[in-house]
file protein10.csv (CSV, C-alpha atoms)
chain,number,residue,atom,x,y,z
C,1,MET,CA,-2.8,-4.5,15.2
C,2,TRP,CA,0.4,-6.1,16.4
C,3,ILE,CA,2.5,-8.1,14.0
C,4,GLN,CA,5.6,-9.8,15.4
C,5,GLY,CA,7.6,-12.3,13.5
C,6,ALA,CA,10.2,-12.5,11.0
C,7,VAL,CA,10.8,-10.8,7.7
C,8,LEU,CA,10.8,-10.7,3.2
C,9,TYR,CA,11.0,-11.2,-0.4
C,10,GLU,CA,11.9,-9.5,-3.6
C,11,PRO,CA,8.6,-8.0,-4.8
C,12,LEU,CA,7.2,-10.3,-7.4
C,13,LYS,CA,7.5,-8.9,-10.9
C,14,PRO,CA,6.8,-10.4,-12.0
C,15,LEU,CA,-0.9,-3.7,17.2
C,16,TYR,CA,-1.2,-3.1,18.8
C,17,LEU,CA,-2.2,0.4,19.5
C,18,SER,CA,0.2,2.3,21.7
C,19,ASN,CA,0.9,5.9,22.7
C,20,PRO,CA,2.5,7.6,19.8
C,21,LEU,CA,5.1,9.0,22.1
C,22,SER,CA,6.4,5.4,22.6
C,23,PHE,CA,7.8,5.5,19.1
C,24,ASN,CA,10.3,8.1,20.2
C,25,GLY,CA,12.3,5.6,22.2
C,26,SER,CA,12.7,2.0,23.0
C,27,SER,CA,9.4,1.0,24.5
C,28,PHE,CA,7.8,-0.6,21.5
C,29,PHE,CA,10.8,-2.6,20.3
C,30,THR,CA,11.8,-3.5,23.9
C,31,ASN,CA,8.5,-4.2,25.6
C,32,HIS,CA,7.2,-6.5,22.8
C,33,TYR,CA,10.3,-8.2,21.6
C,34,GLN,CA,12.5,-9.0,24.6
C,35,LYS,CA,12.8,-12.6,25.4
C,36,ARG,CA,10.6,-13.6,22.5
C,37,ARG,CA,12.2,-16.3,20.3
C,38,SER,CA,10.8,-18.6,17.6
C,39,SER,CA,11.2,-22.3,17.6
C,40,VAL,CA,11.5,-24.6,14.6
C,41,VAL,CA,10.4,-28.2,14.5
C,42,VAL,CA,12.5,-30.1,12.0
C,43,MET,CA,12.0,-33.6,10.6
C,44,SER,CA,14.1,-35.8,8.4
C,45,MET,CA,13.1,-35.1,4.8
C,46,THR,CA,13.8,-37.5,2.0
C,47,THR,CA,12.9,-37.9,-1.6
C,48,LYS,CA,11.6,-41.3,-2.6
C,49,GLY,CA,13.4,-42.7,0.4
C,50,THR,CA,16.7,-41.1,-0.3
C,51,ALA,CA,18.0,-37.9,1.2
C,52,VAL,CA,18.2,-35.0,-1.3
C,53,PRO,CA,21.8,-34.2,-2.0
C,54,ILE,CA,22.7,-30.5,-2.0
C,55,MET,CA,25.9,-28.6,-2.9
C,56,VAL,CA,26.1,-25.4,-0.8
C,57,ASN,CA,28.1,-22.7,-2.6
C,58,GLY,CA,29.4,-20.2,-0.1
C,59,CYS,CA,29.4,-22.9,2.5
C,60,ASN,CA,31.7,-21.1,5.0
C,61,GLY,CA,29.8,-17.8,4.8
C,62,LYS,CA,27.2,-16.8,7.4
C,63,MET,CA,24.2,-17.9,5.3
C,64,GLY,CA,25.8,-20.9,3.7
C,65,SER,CA,26.8,-22.3,7.1
C,66,SER,CA,23.4,-21.6,8.5
C,67,VAL,CA,21.8,-23.5,5.6
C,68,ILE,CA,24.1,-26.5,6.3
C,69,LEU,CA,23.1,-26.6,9.9
C,70,ALA,CA,19.4,-26.5,8.9
C,71,ALA,CA,20.0,-29.1,6.2
C,72,ASN,CA,21.7,-31.4,8.7
C,73,SER,CA,18.7,-31.3,10.9
C,74,ALA,CA,16.3,-31.9,8.0
C,75,GLY,CA,18.2,-35.0,7.0
C,76,LEU,CA,19.5,-33.7,3.6
C,77,GLN,CA,22.8,-34.9,2.2
C,78,ILE,CA,25.6,-32.3,2.2
C,79,LEU,CA,27.9,-32.9,-0.7
C,80,PRO,CA,31.6,-32.5,0.0
C,81,LYS,CA,32.4,-29.7,-2.5
C,82,SER,CA,31.7,-26.0,-2.7
C,83,PHE,CA,32.7,-23.0,-4.7
C,84,GLY,CA,34.7,-20.2,-3.2
C,85,PRO,CA,37.2,-17.5,-4.0
C,86,GLU,CA,40.5,-18.4,-5.7
C,87,LYS,CA,42.4,-17.7,-2.5
C,88,GLU,CA,40.5,-20.4,-0.7
C,89,ALA,CA,40.8,-23.0,-3.5
C,90,GLY,CA,42.0,-26.3,-2.4
C,91,ASN,CA,41.2,-25.8,1.3
C,92,THR,CA,39.0,-28.2,3.1
C,93,VAL,CA,36.7,-26.7,5.7
C,94,GLU,CA,34.5,-28.3,8.4
C,95,VAL,CA,31.0,-26.9,8.6
C,96,PHE,CA,28.9,-28.4,11.3
C,97,GLY,CA,30.4,-31.9,11.0
C,98,ASN,CA,30.7,-31.8,7.2
C,99,GLU,CA,34.1,-31.7,5.5
C,100,ILE,CA,33.8,-29.7,2.3
C,101,LYS,CA,36.5,-28.9,-0.2
C,102,ILE,CA,36.6,-25.4,-1.7
C,103,HIS,CA,37.0,-25.1,-5.5
C,104,GLY,CA,38.0,-21.8,-7.1
C,105,PRO,CA,36.6,-20.2,-10.3
C,106,SER,CA,39.0,-21.9,-12.7
C,107,GLU,CA,37.7,-25.4,-12.0
C,108,ARG,CA,34.0,-24.7,-11.3
C,109,GLU,CA,32.5,-26.2,-14.4
C,110,SER,CA,34.4,-29.4,-14.4
C,111,VAL,CA,33.8,-29.9,-10.7
C,112,LEU,CA,30.1,-29.2,-11.0
C,113,ALA,CA,29.6,-31.5,-14.1
C,114,SER,CA,31.5,-34.3,-12.4
C,115,LEU,CA,29.5,-34.0,-9.2
C,116,TYR,CA,26.2,-33.8,-11.1
C,117,ASP,CA,27.1,-37.0,-13.0
C,118,GLU,CA,27.7,-38.7,-9.6
C,119,TYR,CA,24.6,-37.2,-7.9
C,120,PRO,CA,22.0,-36.7,-10.7
C,121,SER,CA,19.3,-35.8,-8.1
C,122,MET,CA,21.4,-33.0,-6.6
C,123,ILE,CA,20.3,-29.4,-6.1
C,124,VAL,CA,22.7,-26.5,-5.7
C,125,VAL,CA,22.1,-23.9,-3.0
C,126,ASP,CA,23.7,-20.6,-3.8
C,127,TYR,CA,24.7,-18.1,-1.1
C,128,THR,CA,27.8,-16.5,-2.6
C,129,VAL,CA,28.1,-12.8,-3.4
C,130,PRO,CA,26.0,-10.4,-5.5
C,131,ASP,CA,28.7,-10.0,-8.2
C,132,LEU,CA,28.6,-13.7,-9.0
C,133,VAL,CA,24.8,-14.1,-9.3
C,134,ASN,CA,24.7,-14.1,-13.1
C,135,ASP,CA,27.9,-16.0,-13.6
C,136,ASN,CA,26.9,-18.7,-11.3
C,137,ALA,CA,23.4,-19.0,-12.8
C,138,ASP,CA,25.0,-19.2,-16.3
C,139,LEU,CA,27.1,-22.1,-15.0
C,140,TYR,CA,24.2,-24.0,-13.4
C,141,CYS,CA,22.2,-23.6,-16.5
C,142,ARG,CA,25.1,-24.8,-18.8
C,143,VAL,CA,25.6,-27.9,-16.7
C,144,GLY,CA,21.8,-28.4,-16.3
C,145,VAL,CA,21.8,-28.6,-12.5
C,146,PRO,CA,18.7,-27.4,-10.6
C,147,PHE,CA,19.4,-24.7,-8.0
C,148,VAL,CA,18.0,-22.5,-5.2
C,149,MET,CA,19.4,-19.0,-5.4
C,150,GLY,CA,19.2,-17.0,-2.2
C,151,THR,CA,21.9,-14.6,-3.2
C,152,THR,CA,20.8,-11.0,-3.7
C,153,GLY,CA,22.1,-8.7,-6.5
C,154,GLY,CA,23.1,-9.2,-10.1
C,155,ASP,CA,21.0,-8.3,-13.1
C,156,ARG,CA,17.7,-10.0,-12.2
C,157,ASP,CA,16.2,-9.6,-15.7
C,158,ILE,CA,19.1,-11.4,-17.2
C,159,LEU,CA,19.0,-14.0,-14.5
C,160,TYR,CA,15.4,-14.9,-15.2
C,161,LYS,CA,16.0,-14.9,-19.0
C,162,THR,CA,19.0,-17.2,-18.6
C,163,VAL,CA,17.1,-19.7,-16.5
C,164,ASP,CA,14.0,-19.6,-18.6
C,165,ALA,CA,16.0,-20.3,-21.8
C,166,SER,CA,17.8,-23.2,-20.2
C,167,LYS,CA,14.7,-25.0,-18.9
C,168,VAL,CA,16.6,-25.7,-15.6
C,169,TYR,CA,14.5,-26.0,-12.5
C,170,ALA,CA,15.1,-23.2,-10.0
C,171,VAL,CA,13.8,-21.4,-6.9
C,172,ILE,CA,15.0,-17.8,-7.0
C,173,SER,CA,14.4,-15.5,-4.1
C,174,PRO,CA,16.7,-13.2,-2.2
C,175,GLN,CA,14.3,-13.4,0.7
C,176,MET,CA,13.9,-17.0,2.0
C,177,GLY,CA,12.1,-16.2,5.2
C,178,LYS,CA,8.7,-17.9,4.8
C,179,GLN,CA,6.9,-16.0,7.4
C,180,VAL,CA,8.2,-12.7,6.1
C,181,VAL,CA,7.2,-13.6,2.6
C,182,ALA,CA,3.7,-14.4,3.8
C,183,PHE,CA,3.5,-11.1,5.7
C,184,LEU,CA,4.5,-9.1,2.6
C,185,ALA,CA,2.1,-11.1,0.4
C,186,ALA,CA,-0.7,-10.2,2.8
C,187,MET,CA,0.3,-6.5,2.7
C,188,GLU,CA,0.2,-6.6,-1.1
C,189,ILE,CA,-3.2,-8.2,-1.1
C,190,MET,CA,-4.5,-5.5,1.3
C,191,ALA,CA,-3.0,-2.8,-0.8
C,192,GLU,CA,-4.6,-4.2,-4.0
C,193,GLN,CA,-8.1,-4.7,-2.4
C,194,PHE,CA,-8.3,-1.6,-0.3
C,195,PRO,CA,-6.4,1.2,-2.1
C,196,GLY,CA,-6.6,4.5,-0.2
C,197,ALA,CA,-7.8,2.9,3.1
C,198,PHE,CA,-5.1,4.9,5.0
C,199,SER,CA,-5.4,8.1,3.0
C,200,GLY,CA,-4.1,11.0,5.0
C,201,TYR,CA,-2.1,8.9,7.4
C,202,SER,CA,1.6,9.7,7.9
C,203,LEU,CA,4.3,7.0,8.2
C,204,HIS,CA,7.5,6.8,10.1
C,205,VAL,CA,9.9,3.9,9.6
C,206,LYS,CA,12.8,2.6,11.6
C,207,GLU,CA,15.0,-0.3,10.6
C,208,SER,CA,18.0,-1.8,12.4
C,209,HIS,CA,20.5,-4.2,10.9
C,210,GLN,CA,24.1,-5.2,11.7
C,211,ALA,CA,26.6,-2.4,11.3
C,212,GLY,CA,28.0,-3.9,8.1
C,213,LYS,CA,24.8,-3.4,6.2
C,214,LEU,CA,25.3,0.0,4.6
C,215,ASP,CA,22.3,0.1,2.3
C,216,THR,CA,18.6,0.7,3.3
C,217,SER,CA,16.6,-2.4,3.9
C,218,GLY,CA,14.9,-3.8,0.8
C,219,THR,CA,12.3,-5.3,3.1
C,220,ALA,CA,11.4,-1.9,4.4
C,221,LYS,CA,11.1,-0.5,0.9
C,222,ALA,CA,8.7,-3.2,-0.2
C,223,VAL,CA,6.5,-2.7,2.8
C,224,ILE,CA,6.5,1.1,2.3
C,225,SER,CA,5.4,0.5,-1.3
C,226,CYS,CA,2.3,-1.3,0.0
C,227,PHE,CA,1.5,1.5,2.5
C,228,LYS,CA,1.8,4.0,-0.3
C,229,LYS,CA,-0.8,2.1,-2.3
C,230,LEU,CA,-3.0,2.3,0.8
C,231,GLY,CA,-2.8,6.1,0.6
C,232,VAL,CA,-0.2,6.7,3.3
C,233,SER,CA,1.9,9.8,3.0
C,234,PHE,CA,5.7,9.1,3.3
C,235,ASP,CA,8.7,11.4,2.7
C,236,ASP,CA,11.0,8.4,1.8
C,237,GLN,CA,13.1,9.1,4.9
C,238,ILE,CA,13.8,5.8,6.6
C,239,GLU,CA,15.6,5.9,9.9
C,240,MET,CA,18.5,3.5,9.7
C,241,ILE,CA,20.0,2.4,13.0
C,242,ARG,CA,23.5,0.9,12.7
C,243,ASP,CA,25.2,1.9,15.9
C,244,PRO,CA,25.4,-1.1,18.2
C,245,LYS,CA,24.9,0.9,21.4
C,246,GLU,CA,21.6,2.4,20.0
C,247,GLN,CA,20.6,-1.0,18.8
C,248,VAL,CA,20.8,-2.5,22.3
C,249,GLU,CA,19.5,0.5,24.3
C,250,LEU,CA,16.9,2.0,22.0
C,251,VAL,CA,15.8,-0.9,19.7
C,252,GLY,CA,16.2,-3.8,22.1
C,253,VAL,CA,18.4,-6.0,20.0
C,254,PRO,CA,20.0,-8.8,22.1
C,255,GLU,CA,23.7,-8.3,22.2
C,256,GLU,CA,24.4,-11.8,20.8
C,257,TYR,CA,22.6,-10.8,17.6
C,258,LEU,CA,24.2,-7.5,16.9
C,259,SER,CA,26.2,-9.1,14.1
C,260,GLY,CA,23.1,-10.6,12.5
C,261,HIS,CA,19.6,-9.1,12.9
C,262,ALA,CA,16.8,-7.3,11.0
C,263,PHE,CA,14.4,-5.2,13.0
C,264,HIS,CA,11.7,-3.1,11.4
C,265,LEU,CA,9.0,-0.8,12.8
C,266,TYR,CA,6.4,1.1,10.8
C,267,TYR,CA,4.4,3.7,12.7
C,268,LEU,CA,1.3,5.2,11.2
C,269,SER,CA,-0.8,8.1,12.6
C,270,SER,CA,-4.0,9.7,11.5
C,271,PRO,CA,-4.1,13.4,10.5
C,272,ASP,CA,-5.4,14.5,13.9
C,273,LYS,CA,-3.0,12.1,15.7
C,274,THR,CA,-6.0,10.4,17.5
C,275,VAL,CA,-5.4,7.0,15.8
C,276,SER,CA,-2.2,5.1,15.4
C,277,PHE,CA,-1.0,1.8,14.1
C,278,GLU,CA,2.3,0.0,14.6
C,279,PHE,CA,3.6,-2.9,12.5
C,280,GLN,CA,6.8,-4.6,13.6
C,281,HIS,CA,8.8,-7.6,12.4
C,282,ASN,CA,12.0,-8.7,14.0
C,283,VAL,CA,14.6,-11.3,13.0
C,284,CYS,CA,17.5,-12.4,15.2
C,285,GLY,CA,20.1,-14.5,13.5
C,286,ARG,CA,19.7,-16.3,10.1
C,287,SER,CA,17.8,-19.5,11.0
C,288,ILE,CA,14.6,-18.3,9.5
C,289,TYR,CA,16.2,-17.9,6.1
C,290,ALA,CA,18.1,-21.2,6.4
C,291,GLU,CA,14.9,-23.1,7.2
C,292,GLY,CA,13.1,-21.4,4.3
C,293,THR,CA,16.0,-22.5,2.0
C,294,VAL,CA,15.6,-26.1,3.1
C,295,ASP,CA,11.9,-25.9,2.3
C,296,ALA,CA,12.7,-24.5,-1.1
C,297,VAL,CA,15.1,-27.4,-1.8
C,298,LEU,CA,12.5,-30.0,-0.8
C,299,PHE,CA,9.8,-28.2,-2.9
C,300,LEU,CA,12.1,-28.1,-5.9
C,301,ALA,CA,13.0,-31.8,-5.6
C,302,LYS,CA,9.3,-32.6,-5.8
C,303,LYS,CA,8.8,-30.5,-8.8
C,304,ILE,CA,11.7,-32.2,-10.6
C,305,GLN,CA,10.4,-35.6,-9.7
C,306,SER,CA,6.9,-34.8,-11.0
C,307,LYS,CA,8.4,-33.3,-14.2
C,308,ALA,CA,6.4,-30.1,-13.6
C,309,ASP,CA,5.9,-27.9,-16.7
C,310,LYS,CA,6.8,-24.8,-14.7
C,311,ARG,CA,10.6,-24.4,-14.1
C,312,ILE,CA,11.2,-21.1,-12.3
C,313,TYR,CA,9.7,-20.7,-8.8
C,314,ASN,CA,9.9,-18.2,-6.0
C,315,MET,CA,9.0,-18.4,-2.2
C,316,ILE,CA,5.4,-17.6,-2.9
C,317,ASP,CA,5.2,-20.8,-4.8
C,318,VAL,CA,6.8,-22.7,-1.9
C,319,LEU,CA,4.3,-21.2,0.5
C,320,ARG,CA,1.3,-22.1,-1.7
C,321,GLU,CA,2.4,-25.7,-1.9
C,322,GLY,CA,1.6,-25.9,1.8
C,323,ASN,CA,3.9,-28.8,2.6
C,324,MET,CA,6.4,-26.9,4.7
C,325,ARG,CA,7.9,-28.3,7.9

call {"tool": "encode", "arguments": {"input": "protein10.csv", "output": "structure tokens"}}
result
Amino acid sequence: MWIQGAVLYEPLKPLYLSNPLSFNGSSFFTNHYQKRRSSVVVMSMTTKGTAVPIMVNGCNGKMGSSVILAANSAGLQILPKSFGPEKEAGNTVEVFGNEIKIHGPSERESVLASLYDEYPSMIVVDYTVPDLVNDNADLYCRVGVPFVMGTTGGDRDILYKTVDASKVYAVISPQMGKQVVAFLAAMEIMAEQFPGAFSGYSLHVKESHQAGKLDTSGTAKAVISCFKKLGVSFDDQIEMIRDPKEQVELVGVPEEYLSGHAFHLYYLSSPDKTVSFEFQHNVCGRSIYAEGTVDAVLFLAKKIQSKADKRIYNMIDVLREGNMR
């Protein structure tokens, strides 16, 4: 079975068959991935005839700017303010044609409250830094503004408790890639319904990310967890590839995406090595996450308008709604 696409989400709390020898080199990554790209069809999205206004915090970061590009294409309204570090406070940056003023920590609450008064239908998109996850969520909840949180890290238990107590509408998911979320959800369903189906099989995992990512892929860990439920034997040794030369020559990462990619390969083999399965999901760039974020914004805007009883959502909820672009 061959699975090619893009990849994943924080676990909800809540093939192609090839020669096994091909795993010891570049053939699987290179032969199946090279020159494959995904295309996205975008449409102008409005709420009751008016573009949804969004404040993108972390607007000049890699993810924040990617979200603004996707939001532009989707017809959302980019508000001219954003939060950033104190050293950037007062600066005005241009992000894909949008002039945005950066505000530091000391003025966050007054700026957000004023902006929310002016744009009562606004939604905040947060792509800041892990250390600010809880502080930012506290702020959004105090002001009462709905938000989409794509930033990873922080104390997730406290995060959910804070939002639940405030009754603010929010989509919280450190993995905004819709297709990746769907893939992992399918893996979890398979693991739940067919436990032990791969008993005795061994697993080898490779993952490649940009050199700046020092930790092991959370996506890989979540998929491995599903394989373990299926009975697969794994020694918890994930092969992390961070050297750019190896990424190009062995993995097949296009050079223009060395600074932003997520390639994963899971190789399973039967005890006698006569049967093998390879699962692969590759992401180049950040557009898949940005597009998913825009879908999350539109989803949340509809929930707010309908006064939905449920207030906290994740990307599985967005997928289940079925109204993605």

call {"tool": "residues_around", "arguments": {"input": "protein10.csv", "residues": "stretch 218-235 of chain C", "least_positions_apart": "6", "cutoff": "9 Å", "atoms": "all atoms listed in the file", "output": "PyMOL selection string"}}
result
chain C and resi 7-11+175+180+184+187-192+194-207+264-266+268

call {"tool": "closest_residue", "arguments": {"input": "protein10.csv", "among": "C:Ile78, C:Lys213, C:Phe183, C:Pro146", "to": "C:Tyr313", "atoms": "all atoms listed in the file"}}
result
C:Pro146

call {"tool": "residues_around", "arguments": {"input": "protein10.csv", "residues": "C:Leu79", "least_positions_apart": "5", "cutoff": "7 Å", "atoms": "all atoms listed in the file", "output": "NGL selection string"}}
result
:C and (53-55)

call {"tool": "closest_atom_pairs", "arguments": {"input": "protein10.csv", "of": "stretch 123-231 of chain C", "to": "stretch 102-113 of chain C", "cutoff": "9 Å", "atoms": "all atoms listed in the file", "output": "JSON lines"}}
result
{"residue": "C:Leu139", "atom": "CA", "partner": "C:Glu109", "partner_atom": "CA", "distance": 6.8}
{"residue": "C:Tyr140", "atom": "CA", "partner": "C:Leu112", "partner_atom": "CA", "distance": 8.2}
{"residue": "C:Arg142", "atom": "CA", "partner": "C:Glu109", "partner_atom": "CA", "distance": 8.7}
{"residue": "C:Val143", "atom": "CA", "partner": "C:Ala113", "partner_atom": "CA", "distance": 6.0}
{"residue": "C:Gly144", "atom": "CA", "partner": "C:Ala113", "partner_atom": "CA", "distance": 8.7}
{"residue": "C:Val145", "atom": "CA", "partner": "C:Leu112", "partner_atom": "CA", "distance": 8.5}

call {"tool": "closest_residue", "arguments": {"input": "protein10.csv", "among": "C:Gly84, C:Gly322, C:Gly292, C:Gly61", "to": "C:Val171", "atoms": "only C-alpha atoms"}}
result
C:Gly292

call {"tool": "atom_distance", "arguments": {"input": "protein10.csv", "atom1": "atom CA of C:Phe96", "atom2": "atom CA of C:Leu69"}}
result
6.2 Å

call {"tool": "residues_around", "arguments": {"input": "protein10.csv", "residues": "C:Lys62", "least_positions_apart": "4", "cutoff": "12 Å", "atoms": "all atoms listed in the file", "output": "ChimeraX atom specification"}}
result
/C:56-58,66-69,95,127-129,259-260,285-287,289-290

call {"tool": "residues_around", "arguments": {"input": "protein10.csv", "residues": "C:Tyr257", "least_positions_apart": "2", "cutoff": "12 Å", "atoms": "all atoms listed in the file", "output": "CSV table (one decimal) with C-alpha atoms, keeping the file's coordinate frame"}}
result
chain,number,residue,atom,x,y,z
C,208,SER,CA,18.0,-1.8,12.4
C,209,HIS,CA,20.5,-4.2,10.9
C,210,GLN,CA,24.1,-5.2,11.7
C,211,ALA,CA,26.6,-2.4,11.3
C,244,PRO,CA,25.4,-1.1,18.2
C,247,GLN,CA,20.6,-1.0,18.8
C,248,VAL,CA,20.8,-2.5,22.3
C,252,GLY,CA,16.2,-3.8,22.1
C,253,VAL,CA,18.4,-6.0,20.0
C,254,PRO,CA,20.0,-8.8,22.1
C,255,GLU,CA,23.7,-8.3,22.2
C,259,SER,CA,26.2,-9.1,14.1
C,260,GLY,CA,23.1,-10.6,12.5
C,261,HIS,CA,19.6,-9.1,12.9
C,262,ALA,CA,16.8,-7.3,11.0
C,263,PHE,CA,14.4,-5.2,13.0
C,282,ASN,CA,12.0,-8.7,14.0
C,283,VAL,CA,14.6,-11.3,13.0
C,284,CYS,CA,17.5,-12.4,15.2
C,285,GLY,CA,20.1,-14.5,13.5
C,286,ARG,CA,19.7,-16.3,10.1
C,287,SER,CA,17.8,-19.5,11.0

call {"tool": "atom_distance", "arguments": {"input": "protein10.csv", "atom1": "atom CA of C:Gly153", "atom2": "atom CA of C:Arg242"}}
result
21.5 Å

call {"tool": "closest_residue", "arguments": {"input": "protein10.csv", "among": "C:Ala296, C:Ile238, C:Ile316, C:Ala70", "to": "C:Ala170", "atoms": "only C-alpha atoms"}}
result
C:Ala296

call {"tool": "atom_distance", "arguments": {"input": "protein10.csv", "atom1": "atom CA of C:Lys81", "atom2": "atom CA of C:Cys59"}}
result
9.0 Å

call {"tool": "residues_around", "arguments": {"input": "protein10.csv", "residues": "C:Ala165", "least_positions_apart": "6", "cutoff": "12 Å", "atoms": "only C-alpha atoms", "output": "PyMOL selection string"}}
result
chain C and resi 137-138+141-142+144+158-159+311-312

call {"tool": "closest_residue", "arguments": {"input": "protein10.csv", "among": "C:Lys245, C:Met240, C:Tyr169, C:Ala186", "to": "C:Lys307", "atoms": "all atoms listed in the file"}}
result
C:Tyr169

call {"tool": "closest_residue", "arguments": {"input": "protein10.csv", "among": "C:Ala71, C:Ala308, C:Val93, C:Val318", "to": "C:Glu291", "atoms": "only C-alpha atoms"}}
result
C:Ala71

call {"tool": "decode", "arguments": {"input": "protein10.csv", "residues": "stretch 287-294 of chain C", "atoms": "all heavy atoms", "output": "tab-separated table (two decimals), in the first residue's frame"}}
result
chain	number	residue	atom	x	y	z
C	287	SER	N	2.51	25.34	3.03
C	287	SER	CA	1.19	25.71	2.52
C	287	SER	C	0.08	24.79	3.02
C	287	SER	O	-1.04	25.24	3.27
C	287	SER	CB	1.20	25.72	0.99
C	287	SER	OG	1.48	24.44	0.46
C	288	ILE	N	0.38	23.51	3.21
C	288	ILE	CA	-0.66	22.58	3.69
C	288	ILE	C	-1.17	22.99	5.07
C	288	ILE	O	-2.37	22.92	5.36
C	288	ILE	CB	-0.12	21.14	3.72
C	288	ILE	CG1	-1.21	20.17	4.18
C	288	ILE	CG2	1.11	21.02	4.60
C	288	ILE	CD1	-0.79	18.72	4.13
C	289	TYR	N	-0.27	23.47	5.92
C	289	TYR	CA	-0.67	23.89	7.26
C	289	TYR	C	-1.42	25.23	7.21
C	289	TYR	O	-2.37	25.45	7.96
C	289	TYR	CB	0.56	24.01	8.16
C	289	TYR	CG	1.48	22.83	8.09
C	289	TYR	CD1	2.79	22.96	7.64
C	289	TYR	CD2	1.04	21.55	8.44
C	289	TYR	CE1	3.65	21.88	7.57
C	289	TYR	CE2	1.88	20.46	8.36
C	289	TYR	CZ	3.19	20.62	7.92
C	289	TYR	OH	4.02	19.54	7.82
C	290	ALA	N	-0.96	26.10	6.33
C	290	ALA	CA	-1.62	27.40	6.19
C	290	ALA	C	-3.04	27.25	5.65
C	290	ALA	O	-3.97	27.90	6.14
C	290	ALA	CB	-0.79	28.30	5.27
C	291	GLU	N	-3.22	26.39	4.66
C	291	GLU	CA	-4.55	26.18	4.10
C	291	GLU	C	-5.47	25.56	5.14
C	291	GLU	O	-6.65	25.90	5.24
C	291	GLU	CB	-4.46	25.28	2.86
C	291	GLU	CG	-3.76	25.91	1.68
C	291	GLU	CD	-4.50	27.11	1.11
C	291	GLU	OE1	-5.74	27.18	1.28
C	291	GLU	OE2	-3.86	27.97	0.49
C	292	GLY	N	-4.94	24.62	5.93
C	292	GLY	CA	-5.74	24.03	6.99
C	292	GLY	C	-6.14	25.06	8.03
C	292	GLY	O	-7.25	25.02	8.58
C	293	THR	N	-5.25	25.99	8.30
C	293	THR	CA	-5.55	27.05	9.27
C	293	THR	C	-6.70	27.93	8.78
C	293	THR	O	-7.59	28.29	9.55
C	293	THR	CB	-4.30	27.91	9.52
C	293	THR	OG1	-3.24	27.09	10.01
C	293	THR	CG2	-4.60	29.02	10.52
C	294	VAL	N	-6.68	28.26	7.50
C	294	VAL	CA	-7.77	29.06	6.92
C	294	VAL	C	-9.09	28.30	7.03
C	294	VAL	O	-10.13	28.88	7.38
C	294	VAL	CB	-7.46	29.42	5.46
C	294	VAL	CG1	-8.70	30.04	4.79
C	294	VAL	CG2	-6.29	30.40	5.39
